[in-house]
$ cat coords-v4.cif   # mmCIF, C-alpha atoms and all ligand atoms
data_model
loop_
_atom_site.label_atom_id
_atom_site.label_comp_id
_atom_site.auth_asym_id
_atom_site.auth_seq_id
_atom_site.Cartn_x
_atom_site.Cartn_y
_atom_site.Cartn_z
CA MET S 272 8.85 20.62 6.19
CA ASN S 273 10.35 18.93 9.25
CA TYR S 274 10.99 15.39 8.04
CA ILE S 275 11.77 14.10 11.55
CA ASN S 276 8.21 14.83 12.68
CA VAL S 277 6.87 13.40 9.42
CA ASN S 278 8.76 10.16 10.11
CA LYS S 279 7.40 9.93 13.66
CA GLU S 280 3.88 9.95 12.23
CA LEU S 281 4.89 7.62 9.39
CA PHE S 282 6.41 5.12 11.84
CA SER S 283 3.29 5.02 13.97
CA PHE S 284 1.17 4.52 10.83
CA LEU S 285 3.45 1.69 9.64
CA ASP S 286 3.58 -0.03 13.05
CA GLN S 287 -0.20 0.09 13.39
CA SER S 288 -0.82 -1.13 9.82
CA PRO S 289 0.32 -4.78 9.68
CA ASN S 290 -1.78 -5.30 6.53
CA ALA S 291 -4.28 -3.63 4.16
CA PHE S 292 -7.27 -3.87 6.55
CA PHE S 293 -5.44 -1.98 9.28
CA ALA S 294 -3.91 0.54 6.85
CA VAL S 295 -7.42 1.40 5.60
CA LYS S 296 -8.81 1.63 9.13
CA ASN S 297 -5.97 3.97 10.18
CA MET S 298 -6.46 6.14 7.08
CA CYS S 299 -10.18 6.36 7.90
CA ASP S 300 -9.31 7.56 11.42
CA ILE S 301 -7.00 10.27 10.03
CA LEU S 302 -9.65 11.39 7.49
CA GLU S 303 -12.32 11.43 10.19
CA GLN S 304 -10.09 13.62 12.38
CA ALA S 305 -9.63 15.97 9.41
CA GLY S 306 -13.39 16.40 9.20
CA MET S 307 -14.05 14.25 6.12
CA VAL S 308 -17.47 12.61 5.87
CA ARG S 309 -17.77 8.83 5.48
CA LEU S 310 -19.85 7.52 2.56
CA TYR S 311 -20.98 3.96 1.86
CA GLU S 312 -21.22 2.45 -1.60
CA GLY S 313 -24.55 0.88 -0.63
CA GLU S 314 -26.20 4.19 0.28
CA PRO S 315 -27.13 7.34 -1.70
CA TRP S 316 -24.49 10.07 -1.90
CA ASP S 317 -25.61 13.59 -1.15
CA LEU S 318 -22.50 15.69 -1.86
CA GLU S 319 -21.78 19.37 -1.30
CA ALA S 320 -19.12 21.51 -2.96
CA GLY S 321 -16.40 22.60 -0.54
CA LYS S 322 -16.51 19.37 1.47
CA GLY S 323 -14.37 16.23 1.77
CA TYR S 324 -15.59 12.62 1.76
CA TYR S 325 -14.22 9.08 1.83
CA VAL S 326 -15.47 5.63 0.94
CA THR S 327 -13.98 2.16 1.40
CA ARG S 328 -14.44 -1.08 -0.50
CA ASN S 329 -13.96 -4.47 1.20
CA ASP S 330 -12.42 -2.57 4.16
CA SER S 331 -9.13 -2.90 2.25
CA ALA S 332 -9.28 -0.14 -0.40
CA LEU S 333 -10.11 3.52 0.11
CA ILE S 334 -10.92 6.60 -1.95
CA ALA S 335 -11.12 10.05 -0.37
CA PHE S 336 -12.06 13.15 -2.34
CA ARG S 337 -12.59 16.87 -1.89
CA ILE S 338 -14.79 18.89 -4.24
CA PRO S 339 -13.85 22.58 -4.31
CA LYS S 340 -16.84 23.75 -6.35
CA ALA S 341 -19.62 22.24 -8.45
CA ASP S 342 -18.03 23.36 -11.75
CA TYR S 343 -14.62 21.76 -11.02
CA THR S 344 -12.52 21.28 -14.16
CA GLY S 345 -11.18 17.77 -13.49
CA PHE S 346 -9.73 15.30 -10.98
CA GLN S 347 -6.22 15.42 -9.50
CA ILE S 348 -5.63 11.85 -8.36
CA MET S 349 -2.86 10.03 -6.52
CA ALA S 350 -3.18 6.23 -6.43
CA SER S 351 -1.09 3.89 -4.29
CA HIS S 352 -1.59 0.44 -2.78
CA CYS S 353 -1.85 -0.83 0.79
CA ASP S 354 -1.09 -4.55 0.41
CA SER S 355 2.38 -6.10 0.69
CA PRO S 356 3.80 -9.55 -0.07
CA VAL S 357 3.10 -11.71 2.94
CA PHE S 358 2.16 -15.20 4.13
CA LYS S 359 -1.54 -15.86 4.53
CA ILE S 360 -2.87 -18.28 7.16
CA LYS S 361 -4.66 -21.17 5.45
CA THR S 362 -8.01 -22.56 6.57
CA ASN S 363 -7.53 -25.61 8.87
CA THR S 364 -4.14 -24.13 9.65
CA GLU S 365 -2.82 -26.30 12.47
CA ILE S 366 -0.27 -29.01 11.67
CA THR S 367 0.91 -31.26 14.52
CA VAL S 368 4.52 -32.45 14.28
CA ASP S 369 5.58 -35.66 16.08
CA ARG S 370 2.78 -35.03 18.62
CA GLN S 371 5.14 -32.37 20.05
CA TYR S 372 4.81 -29.13 18.09
CA VAL S 373 1.99 -27.23 16.42
CA LYS S 374 2.97 -25.24 13.32
CA LEU S 375 0.72 -23.24 11.02
CA ASN S 376 -0.04 -23.97 7.39
CA VAL S 377 0.47 -20.77 5.38
CA GLU S 378 0.71 -19.80 1.71
CA LYS S 379 2.35 -17.00 -0.24
CA TYR S 380 0.48 -13.80 -1.02
CA GLY S 381 2.51 -12.02 -3.72
CA GLY S 382 6.22 -12.38 -4.48
CA MET S 383 8.30 -11.87 -1.36
CA LEU S 384 11.94 -12.30 -0.42
CA CYS S 385 11.62 -15.45 1.72
CA SER S 386 14.84 -15.53 3.74
CA PRO S 387 14.25 -12.40 5.88
CA TRP S 388 11.00 -13.93 7.20
CA LEU S 389 13.08 -16.55 9.04
CA ASP S 390 14.41 -16.36 12.61
CA ARG S 391 12.53 -13.28 13.77
CA PRO S 392 9.44 -12.74 15.93
CA LEU S 393 6.23 -12.72 13.89
CA SER S 394 2.57 -12.39 14.71
CA VAL S 395 -0.83 -12.55 13.04
CA ALA S 396 -3.37 -9.86 12.08
CA GLY S 397 -6.35 -9.57 9.77
CA ARG S 398 -10.09 -9.87 9.84
CA VAL S 399 -12.55 -12.42 11.18
CA VAL S 400 -16.11 -12.76 9.95
CA LEU S 401 -18.58 -13.57 12.73
CA ARG S 402 -22.02 -15.09 12.83
CA THR S 403 -24.61 -12.60 14.16
CA GLU S 404 -28.38 -12.72 14.74
CA GLU S 405 -28.97 -10.88 11.46
CA GLY S 406 -26.16 -12.23 9.29
CA ILE S 407 -22.43 -11.64 9.44
CA GLU S 408 -20.13 -9.05 10.94
CA THR S 409 -16.46 -8.27 10.23
CA ARG S 410 -13.98 -7.53 12.99
CA LEU S 411 -10.26 -6.71 12.86
CA VAL S 412 -7.89 -8.76 14.99
CA ASN S 413 -4.22 -8.18 15.78
CA ILE S 414 -2.38 -10.48 18.18
CA ASP S 415 -0.15 -7.69 19.39
CA ARG S 416 2.73 -9.74 20.81
CA ASP S 417 5.62 -11.90 19.64
CA LEU S 418 3.82 -15.13 18.77
CA LEU S 419 5.43 -17.10 15.94
CA ILE S 420 8.80 -17.88 14.41
CA ILE S 421 9.95 -19.62 11.23
CA PRO S 422 13.20 -21.27 12.32
CA ASN S 423 16.00 -21.78 9.82
CA LEU S 424 17.58 -25.17 9.36
CA ALA S 425 21.00 -25.23 11.06
CA ILE S 426 23.95 -24.92 8.71
CA HIS S 427 25.17 -28.35 9.87
CA MET S 428 22.15 -29.89 8.15
CA ASN S 429 22.51 -27.85 4.97
CA ARG S 430 26.17 -27.02 4.35
CA GLN S 431 25.46 -25.49 0.92
CA VAL S 432 22.89 -22.97 2.17
CA ASN S 433 25.19 -19.96 1.68
CA ASP S 434 25.69 -20.89 -1.97
CA GLY S 435 22.03 -20.19 -2.70
CA TYR S 436 18.88 -21.91 -1.48
CA LYS S 437 15.55 -22.58 -3.13
CA PHE S 438 12.78 -21.96 -0.59
CA ASN S 439 9.83 -24.33 -0.73
CA ALA S 440 6.80 -22.48 0.68
CA GLN S 441 5.14 -25.71 1.84
CA VAL S 442 8.28 -26.96 3.63
CA ASP S 443 10.52 -24.07 4.68
CA MET S 444 8.09 -21.26 5.48
CA LEU S 445 5.67 -22.71 8.06
CA PRO S 446 5.82 -20.88 11.39
CA LEU S 447 6.15 -22.68 14.73
CA PHE S 448 3.19 -21.80 16.96
CA CYS S 449 3.24 -23.84 20.19
CA GLU S 450 3.89 -27.08 21.98
CA LYS S 451 1.21 -29.68 21.36
CA GLY S 452 -1.13 -29.88 24.37
CA GLU S 453 -4.40 -31.64 25.16
CA GLU S 454 -6.59 -28.96 23.56
CA SER S 455 -7.40 -28.79 19.87
CA ASP S 456 -7.98 -25.74 17.63
CA VAL S 457 -5.84 -23.57 19.91
CA PHE S 458 -5.04 -21.11 17.12
CA LEU S 459 -8.67 -20.40 16.32
CA LYS S 460 -9.44 -20.11 20.03
CA LEU S 461 -6.67 -17.52 20.41
CA ILE S 462 -8.08 -15.51 17.49
CA ALA S 463 -11.61 -15.81 18.92
CA SER S 464 -10.58 -14.63 22.37
CA GLU S 465 -8.76 -11.63 20.80
CA ALA S 466 -11.96 -10.83 18.87
CA GLY S 467 -13.99 -11.19 22.07
CA VAL S 468 -16.10 -14.08 20.76
CA SER S 469 -16.09 -17.86 20.97
CA ALA S 470 -14.49 -19.97 18.25
CA GLU S 471 -17.89 -21.30 17.09
CA ASP S 472 -18.94 -17.74 16.17
CA ILE S 473 -16.11 -17.36 13.65
CA LEU S 474 -17.38 -18.29 10.20
CA ASP S 475 -14.23 -17.40 8.27
CA THR S 476 -10.97 -15.45 8.44
CA ASP S 477 -8.46 -13.47 6.34
CA LEU S 478 -5.35 -13.58 8.55
CA PHE S 479 -1.76 -12.77 7.62
CA LEU S 480 1.66 -13.02 9.25
CA TYR S 481 3.56 -9.82 9.97
CA ASN S 482 7.06 -8.90 11.09
CA ARG S 483 7.11 -7.67 14.71
CA MET S 484 10.14 -5.38 14.22
CA PRO S 485 8.89 -1.77 14.43
CA ALA S 486 9.98 1.01 12.06
CA VAL S 487 13.31 2.69 12.98
CA SER S 488 15.68 5.41 11.80
CA LEU S 489 19.30 4.39 11.25
CA GLY S 490 22.59 5.50 9.69
CA LEU S 491 25.22 7.87 11.14
CA ASN S 492 22.85 10.83 10.99
CA ASN S 493 19.62 8.84 10.99
CA GLU S 494 19.43 9.41 7.25
CA PHE S 495 17.74 6.07 6.55
CA ILE S 496 14.51 4.47 7.71
CA SER S 497 13.65 0.77 7.86
CA SER S 498 10.28 -0.90 8.30
CA GLY S 499 7.98 -3.53 6.94
CA ARG S 500 5.56 -2.48 4.17
CA LEU S 501 7.34 0.71 2.99
CA ASP S 502 6.17 -0.56 -0.42
CA ASP S 503 3.68 0.93 -0.61
CA LEU S 504 2.46 2.40 2.69
CA GLN S 505 5.16 5.09 2.43
CA CYS S 506 3.43 6.45 -0.70
CA ALA S 507 -0.09 5.84 0.68
CA PHE S 508 0.80 7.82 3.83
CA ALA S 509 2.41 10.69 1.87
CA SER S 510 -0.61 10.85 -0.45
CA LEU S 511 -2.98 10.95 2.54
CA LYS S 512 -1.02 13.70 4.33
CA GLY S 513 -0.80 15.78 1.16
CA PHE S 514 -4.52 15.26 0.55
CA VAL S 515 -5.50 16.42 4.05
CA GLU S 516 -3.20 19.46 3.92
CA ALA S 517 -4.02 20.56 0.34
CA SER S 518 -6.34 23.40 -0.72
CA PRO S 519 -8.17 22.21 -3.86
CA LYS S 520 -9.23 25.15 -6.05
CA ASN S 521 -10.39 24.29 -9.58
CA SER S 522 -10.07 20.49 -9.56
CA ALA S 523 -11.40 17.83 -7.23
CA ALA S 524 -8.64 16.10 -5.21
CA VAL S 525 -8.77 12.29 -5.08
CA HIS S 526 -6.67 10.15 -2.73
CA CYS S 527 -6.96 6.56 -3.85
CA VAL S 528 -5.47 3.46 -2.23
CA PHE S 529 -6.04 0.05 -3.82
CA ASP S 530 -5.62 -3.45 -2.43
CA ASN S 531 -4.20 -6.53 -4.19
CA GLU S 532 -1.51 -4.79 -6.29
CA GLU S 533 0.89 -7.58 -5.29
CA VAL S 534 -1.35 -10.25 -6.84
CA GLY S 535 -2.25 -8.52 -10.10
CA SER S 536 -4.94 -6.00 -9.02
CA GLY S 537 -7.78 -8.09 -10.47
CA THR S 538 -10.16 -7.99 -7.47
CA LYS S 539 -13.18 -5.78 -6.75
CA GLN S 540 -10.92 -3.65 -4.52
CA GLY S 541 -7.90 -3.69 -6.87
CA ALA S 542 -6.73 -1.15 -9.46
CA ALA S 543 -8.31 -3.15 -12.31
CA SER S 544 -11.73 -2.83 -10.66
CA THR S 545 -14.43 -0.22 -11.21
CA PHE S 546 -13.84 1.37 -7.77
CA LEU S 547 -12.21 4.57 -9.06
CA LYS S 548 -14.52 4.88 -12.07
CA ASP S 549 -17.62 4.25 -9.94
CA THR S 550 -16.52 6.90 -7.45
CA LEU S 551 -15.72 9.56 -10.08
CA ARG S 552 -19.05 8.91 -11.84
CA ARG S 553 -20.97 9.17 -8.60
CA ILE S 554 -19.26 12.49 -7.82
CA ASN S 555 -20.20 13.66 -11.32
CA SER S 556 -23.87 12.77 -10.99
CA ALA S 557 -24.18 13.93 -7.37
CA MET S 558 -22.92 17.34 -8.50
CA GLY S 559 -25.61 17.44 -11.20
CA ARG S 560 -23.22 17.13 -14.13
CA THR S 561 -23.92 15.47 -17.47
CA GLU S 562 -22.17 12.48 -19.08
CA GLU S 563 -20.40 14.82 -21.47
CA GLU S 564 -19.17 16.92 -18.55
CA TYR S 565 -17.78 13.72 -17.01
CA LEU S 566 -15.77 12.93 -20.15
CA MET S 567 -14.59 16.54 -20.42
CA SER S 568 -13.43 16.45 -16.79
CA ILE S 569 -11.43 13.24 -17.44
CA ALA S 570 -9.61 15.04 -20.31
CA SER S 571 -8.58 17.69 -17.76
CA SER S 572 -7.50 15.23 -15.07
CA PHE S 573 -4.13 13.90 -13.95
CA LEU S 574 -3.27 10.63 -12.19
CA VAL S 575 -0.09 10.08 -10.21
CA SER S 576 0.45 6.35 -9.73
CA ALA S 577 2.68 6.28 -6.64
CA ASP S 578 4.44 3.00 -5.93
CA ASN S 579 7.94 2.66 -4.53
CA ALA S 580 10.99 2.48 -6.80
CA HIS S 581 14.33 0.66 -6.62
CA ALA S 582 17.23 2.81 -5.43
CA VAL S 583 20.75 1.92 -6.56
CA HIS S 584 21.88 -0.90 -4.23
CA PRO S 585 25.22 -0.21 -2.51
CA ASN S 586 26.39 -3.83 -3.02
CA HIS S 587 24.91 -4.30 -6.50
CA THR S 588 25.41 -1.02 -8.36
CA ASP S 589 25.50 -2.88 -11.70
CA LYS S 590 21.82 -3.88 -11.35
CA ALA S 591 20.77 -0.27 -11.98
CA ASP S 592 20.44 1.41 -15.36
CA PRO S 593 23.65 3.22 -16.42
CA THR S 594 22.02 6.65 -16.69
CA ASN S 595 18.85 6.56 -14.56
CA ARG S 596 20.11 5.86 -11.05
CA PRO S 597 17.86 6.81 -8.12
CA TYR S 598 19.38 7.22 -4.63
CA LEU S 599 17.82 7.39 -1.17
CA ASN S 600 17.01 10.94 0.00
CA LYS S 601 17.36 12.36 -3.51
CA GLY S 602 13.64 12.82 -4.04
CA ILE S 603 10.68 11.50 -5.96
CA VAL S 604 11.47 8.92 -8.64
CA ILE S 605 9.73 9.26 -12.01
CA LYS S 606 9.62 5.80 -13.61
CA TYR S 607 9.96 5.19 -17.36
CA SER S 608 9.39 2.07 -19.45
CA ALA S 609 9.22 2.07 -23.24
CA ASN S 610 6.76 -0.83 -23.25
CA GLN S 611 4.49 1.21 -20.91
CA LYS S 612 4.65 -1.05 -17.87
CA TYR S 613 5.07 2.39 -16.36
CA THR S 614 2.62 4.87 -17.84
CA THR S 615 4.97 7.86 -17.88
CA ASP S 616 5.33 9.57 -21.25
CA ALA S 617 6.77 12.94 -22.23
CA VAL S 618 3.53 14.79 -21.39
CA SER S 619 2.90 13.18 -17.97
CA GLY S 620 6.61 13.25 -17.10
CA ALA S 621 6.70 16.97 -17.91
CA ILE S 622 3.62 17.66 -15.78
CA MET S 623 5.12 15.72 -12.85
CA ARG S 624 8.40 17.65 -13.14
CA ALA S 625 6.41 20.91 -13.08
CA ILE S 626 4.59 19.75 -9.93
CA CYS S 627 7.91 18.90 -8.23
CA ARG S 628 9.36 22.27 -9.23
CA GLN S 629 6.29 24.04 -7.85
CA ALA S 630 6.61 22.02 -4.59
CA ASP S 631 10.34 22.80 -4.48
CA VAL S 632 11.26 19.13 -4.06
CA PRO S 633 13.90 17.13 -5.98
CA CYS S 634 12.98 14.45 -8.48
CA GLN S 635 15.05 11.75 -10.17
CA THR S 636 14.40 9.08 -12.79
CA PHE S 637 14.24 5.29 -12.96
CA ALA S 638 14.34 2.93 -15.90
CA ASN S 639 15.14 -0.76 -15.84
CA ARG S 640 18.40 -1.91 -17.38
CA SER S 641 17.53 -2.74 -20.98
CA ASP S 642 18.42 -6.39 -20.32
CA LEU S 643 16.20 -6.75 -17.20
CA PRO S 644 12.40 -7.10 -17.32
CA GLY S 645 11.68 -5.31 -13.98
CA GLY S 646 8.33 -5.16 -12.20
CA SER S 647 5.03 -3.51 -12.94
CA THR S 648 2.55 -1.47 -10.92
CA LEU S 649 -1.04 -0.25 -10.83
CA GLY S 650 -0.90 2.83 -13.11
CA ASN S 651 -1.34 1.03 -16.44
CA ILE S 652 -3.85 -1.43 -14.94
CA SER S 653 -6.27 1.31 -13.83
CA GLN S 654 -6.26 2.79 -17.37
CA SER S 655 -8.72 0.16 -18.57
CA GLN S 656 -11.34 1.70 -16.24
CA VAL S 657 -10.44 5.40 -16.24
CA ALA S 658 -8.09 6.46 -19.06
CA LEU S 659 -6.32 9.73 -18.40
CA ASN S 660 -2.85 11.32 -18.35
CA THR S 661 -0.86 9.24 -15.87
CA VAL S 662 2.66 9.32 -14.49
CA ASP S 663 4.33 6.49 -12.56
CA ILE S 664 6.42 7.60 -9.63
CA GLY S 665 7.66 6.19 -6.34
CA LEU S 666 10.01 6.80 -3.45
CA PRO S 667 13.47 5.23 -3.71
CA GLN S 668 13.98 2.15 -1.53
CA LEU S 669 16.15 -0.92 -1.04
CA ALA S 670 15.16 -4.56 -0.41
CA MET S 671 11.72 -4.24 -2.01
CA HIS S 672 9.37 -7.07 -0.91
CA SER S 673 11.46 -7.96 2.13
CA PRO S 674 9.45 -7.91 5.39
CA TYR S 675 11.92 -5.20 6.45
CA GLU S 676 12.71 -2.61 3.76
CA THR S 677 14.96 0.46 3.77
CA ALA S 678 14.33 3.97 2.42
CA GLY S 679 15.51 7.57 2.81
CA ALA S 680 14.51 9.67 5.84
CA LYS S 681 13.74 12.77 3.74
CA ASP S 682 11.78 11.34 0.84
CA THR S 683 8.37 10.93 2.50
CA ALA S 684 8.29 14.66 3.28
CA TYR S 685 9.19 15.42 -0.36
CA LEU S 686 6.23 13.37 -1.60
CA ILE S 687 3.86 15.04 0.88
CA GLU S 688 4.87 18.43 -0.54
CA ALA S 689 4.40 17.25 -4.13
CA ALA S 690 1.04 15.67 -3.23
CA LYS S 691 -0.10 18.96 -1.69
CA VAL S 692 0.71 20.76 -4.95
CA LEU S 693 -0.96 18.02 -7.03
CA PHE S 694 -4.17 18.10 -4.97
CA SER S 695 -4.30 21.93 -4.96
CA SER S 696 -3.67 22.37 -8.70
CA SER S 697 -5.36 21.56 -11.98
CA VAL S 698 -4.21 20.32 -15.38
CA GLU S 699 -6.54 21.79 -17.97
CA GLY S 700 -6.43 20.39 -21.47
CA ARG S 701 -8.43 19.39 -24.51
CA GLY S 702 -6.45 16.23 -25.23
CA ASN S 703 -4.09 17.66 -27.87
CA GLY S 704 -0.85 17.69 -25.83
CA ASN S 705 -1.17 21.28 -24.65
CA TYR S 706 -2.09 21.82 -21.03
CA ARG S 707 -2.60 24.79 -18.74
CA LEU S 708 -1.14 24.02 -15.31
CA VAL S 709 -2.90 26.06 -12.64
CA PHE S 710 -1.09 26.02 -9.28
ZN ZN S 801 4.38 -1.56 -4.67
#

$ encode --input "coords-v4.cif" --output "C-alpha cells"
Amino acid sequence: MNYINVNKELFSFLDQSPNAFFAVKNMCDILEQAGMVRLYEGEPWDLEAGKGYYVTRNDSALIAFRIPKADYTGFQIMASHCDSPVFKIKTNTEITVDRQYVKLNVEKYGGMLCSPWLDRPLSVAGRVVLRTEEGIETRLVNIDRDLLIIPNLAIHMNRQVNDGYKFNAQVDMLPLFCEKGEESDVFLKLIASEAGVSAEDILDTDLFLYNRMPAVSLGLNNEFISSGRLDDLQCAFASLKGFVEASPKNSAAVHCVFDNEEVGSGTKQGAASTFLKDTLRRINSAMGRTEEEYLMSIASSFLVSADNAHAVHPNHTDKADPTNRPYLNKGIVIKYSANQKYTTDAVSGAIMRAICRQADVPCQTFANRSDLPGGSTLGNISQSQVALNTVDIGLPQLAMHSPYETAGAKDTAYLIEAAKVLFSSSVEGRGNGNYRLVF
C-alpha cells in the first residue's frame, strides 16, 4: 500500500476534524460515498444480508457494520475514539480585562499537555443548538480562520519558568479574543453569524478550541507525521479505511468509534454505554436470530481496541519498558498490562499476531515500566456491556495529548491492512481457548 497517498487522505481527515462532531460527520460522508446506508436509533431497522449500514449517537459516536450473510458466525470489531483532550468554551464565556481586552472563559476537557497550547493560532469549532418552530435543531460550526491565542507570560515576569511551571487552567489558559468595543456578546454573535442565524436563536452550544496548525510530514525523508488529534483519529481513520475496503465473509464487520474516552467513557456515546451492545442486538434481531444465537455469536467474535501507544521518546529513552520498546514506523503496537488496564491476554495477543502476519504488516509490543502506572483506554471499559475476546493495540506516537502530536508516516497504512484482514476474517470458537481463524 502506498503510504504517501494514505497520509494525504489522513491529513485531510485530520484537518477537517477539529473535534468529535466533525470527525463523525466526515466518517459519515466517507461511508455514504462507499454506499453504506444510514440508520437512526429512533427508527426501525430493516436490514439485508450483503449490505453495509451506519448509525450515530449524539452526532459524536458512530458504528458502521456490514453483514455478509444472515447466518454470520460472529462480529469482527475495531473500536477507537474520536475525542481528544481540549479546552471547552464555557457558557457566558466573555471576560473583559481592564475595559481593553475580551478573553474567553474555558475549561479543561481531559488531561492535556498545557504548554503547547500557548503562543499559537487557535480557533473554535463545535455544535450549536438552535430554536426552531418545532423544537430544536443541531448545527456544526467551525470558525475556519486564525482567531484566538493564549499568550505566554514573558520570561522577565517569571524567571523560573524553565525550571518547571504549574499551569492554572483558570489563570494561564484563557485565550485572548478581541479588543473591547461598544458591542456586547461579540463571541456569540460571531458563532451565530457562522451558523447563519441570529444570536437569540442559539439555545446552547458545545464549542471547543482547536490548534490551527495543519497536519504535515517531516524528517529527512518525510518519515514522520505531525498533527493535532492523532490520538485517536489516526486509529479511527485506519479502522474506517480498512472497513470500507474489506470483504466480510463469515463474520459481520463492525467499525466502532466512541466519544468521551478522554473523560472516562461514561456517557451515552462513550465506550461504557450500551451503544455497541444495542447495535449488535438490533442486528441480531433484524436478521431473525434468537437470543441464544446472539450469545453464540459473541463467543465467536473478536474486538480490537485501537488507541494510540507511546513510542520510545528520543530524549527520554528511560521512560520506556526495558524489553517492550515501540518505535515509530515499526508497526502496530500490541499493549500488555498485567492488571488488565489493557485487555490483551495470551489468546487475544496470539489472534492479533496472526492477523498482522496475514496482513503482512509488522507488530511490536508495549508494556509500562513496572514502576509507572501508565494510562488506560476503552477496551476494558466496553467489556461491561459486551464481553468478548479483546486485544488492545495502537499506533506508536510521541507527545500524546499535546495539541500537536508526532507519529510514523508508515504506520497508518499498516493498520489499514490489518483492519482489512480483521474485517474480512472470522474467529470461531466455543470459549475454551481453541479458535479457528478463517482468513
Ligand atoms: Zn486515545

$ residues_near_ligand --input "coords-v4.cif" --ligand "ligand ZN 801 (chain S)" --cutoff "6 Å" --atoms "only C-alpha atoms and all ligand atoms" --output "number ranges by chain"
S: 502-503, 578-579

$ closest_residue --input "coords-v4.cif" --among "S:Pro674, S:Gly620, S:Gly535, S:Pro667" --to "Gly646 (chain S)" --atoms "all atoms listed in the file"
S:Gly535

$ closest_residue --input "coords-v4.cif" --among "S:Ala463, S:Val604, S:Leu686, S:Cys634" --to "Ile664 (chain S)" --atoms "only C-alpha atoms"
S:Val604

$ atom_distance --input "coords-v4.cif" --atom1 "CA of Gly702 (chain S)" --atom2 "CA of Gly323 (chain S)"
28.1 Å

$ closest_residue --input "coords-v4.cif" --among "S:Lys340, S:Arg483, S:His672, S:Arg596" --to "Ile420 (chain S)" --atoms "only C-alpha atoms"
S:Arg483

$ atom_distance --input "coords-v4.cif" --atom1 "CA of Arg402 (chain S)" --atom2 "CA of Asn329 (chain S)"
17.7 Å

$ decode --input "coords-v4.cif" --residues "region 636-668 of chain S" --atoms "C-alpha atoms" --output "PDB file, in the first residue's frame"
ATOM      1  CA  THR S 636       4.725  -4.664  21.913  1.00  0.00           C
ATOM      2  CA  PHE S 637       4.174  -2.118  24.677  1.00  0.00           C
ATOM      3  CA  ALA S 638       4.090  -2.501  28.431  1.00  0.00           C
ATOM      4  CA  ASN S 639       4.505   0.225  31.014  1.00  0.00           C
ATOM      5  CA  ARG S 640       7.660   0.243  33.100  1.00  0.00           C
ATOM      6  CA  SER S 641       6.784  -1.778  36.194  1.00  0.00           C
ATOM      7  CA  ASP S 642       7.274   1.352  38.333  1.00  0.00           C
ATOM      8  CA  LEU S 643       4.967   3.602  36.232  1.00  0.00           C
ATOM      9  CA  PRO S 644       1.152   3.418  36.342  1.00  0.00           C
ATOM     10  CA  GLY S 645       0.549   4.435  32.673  1.00  0.00           C
ATOM     11  CA  GLY S 646      -2.802   5.283  31.105  1.00  0.00           C
ATOM     12  CA  SER S 647      -5.900   3.302  30.288  1.00  0.00           C
ATOM     13  CA  THR S 648      -8.190   3.057  27.279  1.00  0.00           C
ATOM     14  CA  LEU S 649     -11.638   1.931  26.149  1.00  0.00           C
ATOM     15  CA  GLY S 650     -11.131  -1.829  25.633  1.00  0.00           C
ATOM     16  CA  ASN S 651     -11.678  -2.934  29.233  1.00  0.00           C
ATOM     17  CA  ILE S 652     -14.470  -0.369  29.741  1.00  0.00           C
ATOM     18  CA  SER S 653     -16.611  -1.739  26.901  1.00  0.00           C
ATOM     19  CA  GLN S 654     -16.371  -5.273  28.386  1.00  0.00           C
ATOM     20  CA  SER S 655     -19.066  -4.472  30.935  1.00  0.00           C
ATOM     21  CA  GLN S 656     -21.557  -4.157  28.052  1.00  0.00           C
ATOM     22  CA  VAL S 657     -20.280  -6.698  25.515  1.00  0.00           C
ATOM     23  CA  ALA S 658     -17.776  -9.212  26.912  1.00  0.00           C
ATOM     24  CA  LEU S 659     -15.685 -10.906  24.263  1.00  0.00           C
ATOM     25  CA  ASN S 660     -12.072 -11.681  23.312  1.00  0.00           C
ATOM     26  CA  THR S 661     -10.362  -8.298  23.111  1.00  0.00           C
ATOM     27  CA  VAL S 662      -6.885  -7.071  22.283  1.00  0.00           C
ATOM     28  CA  ASP S 663      -5.559  -3.571  22.980  1.00  0.00           C
ATOM     29  CA  ILE S 664      -3.428  -2.116  20.238  1.00  0.00           C
ATOM     30  CA  GLY S 665      -2.413   1.303  18.949  1.00  0.00           C
ATOM     31  CA  LEU S 666      -0.073   3.106  16.603  1.00  0.00           C
ATOM     32  CA  PRO S 667       3.206   4.345  18.088  1.00  0.00           C
ATOM     33  CA  GLN S 668       3.348   8.096  18.714  1.00  0.00           C
TER      34      GLN S 668
END
